[in-house]
>>> print(open('query-v1.cif').read())   # mmCIF, C-alpha atoms
data_upload
#
loop_
_atom_site.group_PDB
_atom_site.id
_atom_site.type_symbol
_atom_site.label_atom_id
_atom_site.label_comp_id
_atom_site.auth_asym_id
_atom_site.auth_seq_id
_atom_site.Cartn_x
_atom_site.Cartn_y
_atom_site.Cartn_z
ATOM 1 C CA MET L 19 -43.658 7.702 45.303
ATOM 2 C CA GLN L 20 -40.011 8.537 46.025
ATOM 3 C CA ASN L 21 -37.413 5.898 46.564
ATOM 4 C CA PHE L 22 -34.846 6.101 49.362
ATOM 5 C CA ALA L 23 -32.040 7.552 47.192
ATOM 6 C CA GLU L 24 -34.197 10.454 46.043
ATOM 7 C CA ALA L 25 -35.293 11.268 49.573
ATOM 8 C CA THR L 26 -31.749 11.398 50.933
ATOM 9 C CA THR L 27 -30.481 13.735 48.231
ATOM 10 C CA LYS L 28 -32.997 16.425 49.178
ATOM 11 C CA PHE L 29 -31.344 17.197 52.523
ATOM 12 C CA VAL L 30 -29.871 20.681 52.616
ATOM 13 C CA ALA L 31 -27.463 21.439 55.431
ATOM 14 C CA PRO L 32 -28.201 24.726 57.231
ATOM 15 C CA PHE L 33 -24.460 25.576 57.274
ATOM 16 C CA PRO L 34 -21.557 24.756 54.984
ATOM 17 C CA THR L 35 -19.985 21.459 56.035
ATOM 18 C CA VAL L 36 -16.732 23.176 57.045
ATOM 19 C CA ILE L 37 -18.605 24.996 59.817
ATOM 20 C CA TYR L 38 -19.467 21.669 61.482
ATOM 21 C CA GLY L 39 -15.764 20.828 61.656
ATOM 22 C CA VAL L 40 -14.941 24.254 63.087
ATOM 23 C CA ILE L 41 -17.629 23.839 65.744
ATOM 24 C CA ALA L 42 -16.352 20.362 66.682
ATOM 25 C CA ILE L 43 -12.727 21.513 66.928
ATOM 26 C CA SER L 44 -13.795 24.515 69.013
ATOM 27 C CA ILE L 45 -15.656 22.289 71.460
ATOM 28 C CA PHE L 46 -12.693 19.915 71.792
ATOM 29 C CA LEU L 47 -10.315 22.840 72.364
ATOM 30 C CA LEU L 48 -12.629 24.294 75.013
ATOM 31 C CA LEU L 49 -12.891 20.948 76.808
ATOM 32 C CA GLY L 50 -9.121 20.498 76.553
ATOM 33 C CA PHE L 51 -8.566 23.921 78.117
ATOM 34 C CA VAL L 52 -10.936 23.096 80.978
ATOM 35 C CA THR L 53 -9.096 19.820 81.577
ATOM 36 C CA TRP L 54 -5.702 21.558 81.385
ATOM 37 C CA SER L 55 -6.821 24.209 83.880
ATOM 38 C CA TYR L 56 -7.325 21.543 86.566
ATOM 39 C CA ARG L 57 -3.722 20.288 86.369
ATOM 40 C CA ASP L 58 -1.915 19.876 89.669
ATOM 41 C CA VAL L 59 -4.947 20.888 91.740
ATOM 42 C CA ALA L 60 -4.190 18.327 94.447
ATOM 43 C CA ASN L 61 -0.788 19.879 95.152
ATOM 44 C CA ARG L 62 -2.051 23.436 95.624
ATOM 45 C CA HIS L 63 -2.827 22.946 99.310
ATOM 46 C CA GLU L 64 0.345 21.587 100.825
ATOM 47 C CA HIS L 65 -0.844 21.817 104.426
ATOM 48 C CA LYS L 66 -3.800 19.557 103.678
ATOM 49 C CA SER L 67 -1.719 16.886 101.988
ATOM 50 C CA ASN L 68 0.905 16.835 104.761
ATOM 51 C CA ASP L 69 -1.661 16.541 107.554
ATOM 52 C CA SER L 70 -3.702 13.854 105.884
ATOM 53 C CA LYS L 71 -0.801 11.462 105.147
ATOM 54 C CA GLY L 72 -0.643 10.227 108.733
ATOM 55 C CA HIS L 73 -4.369 9.783 109.082
ATOM 56 C CA HIS L 74 -4.886 7.308 106.257
#
>>> encode(input="query-v1.cif", output="structure tokens")
Amino acid sequence: MQNFAEATTKFVAPFPTVIYGVIAISIFLLLGFVTWSYRDVANRHEHKSNDSKGHH
């Protein structure tokens, strides 16, 4: 019967470990770009913001 240390050393990653870092950085950059693209969205429609100030 195998002990725990022998069982854990038999794992073989399907990709080189550097690829996991590249994938993670790519996802964070994509999410950062999506967040950045929504900057200043509230100020794009000036007529809506001017009309709604008196109603609230």
>>> atom_distance(input="query-v1.cif", atom1="atom CA of L:Ser44", atom2="atom CA of L:Val30")
23.3 Å
>>> atom_distance(input="query-v1.cif", atom1="atom CA of L:Leu49", atom2="atom CA of L:Thr35")
22.0 Å
>>> atom_distance(input="query-v1.cif", atom1="atom CA of L:Arg57", atom2="atom CA of L:Gly39")
27.5 Å
>>> axis_aligned_box(input="query-v1.cif", around="stretch 24-38 of chain L", padding_each_side="8 Å", output="AutoDock Vina command-line options")
--center_x -26.0 --center_y 18.0 --center_z 53.8 --size_x 34.6 --size_y 31.1 --size_z 31.4
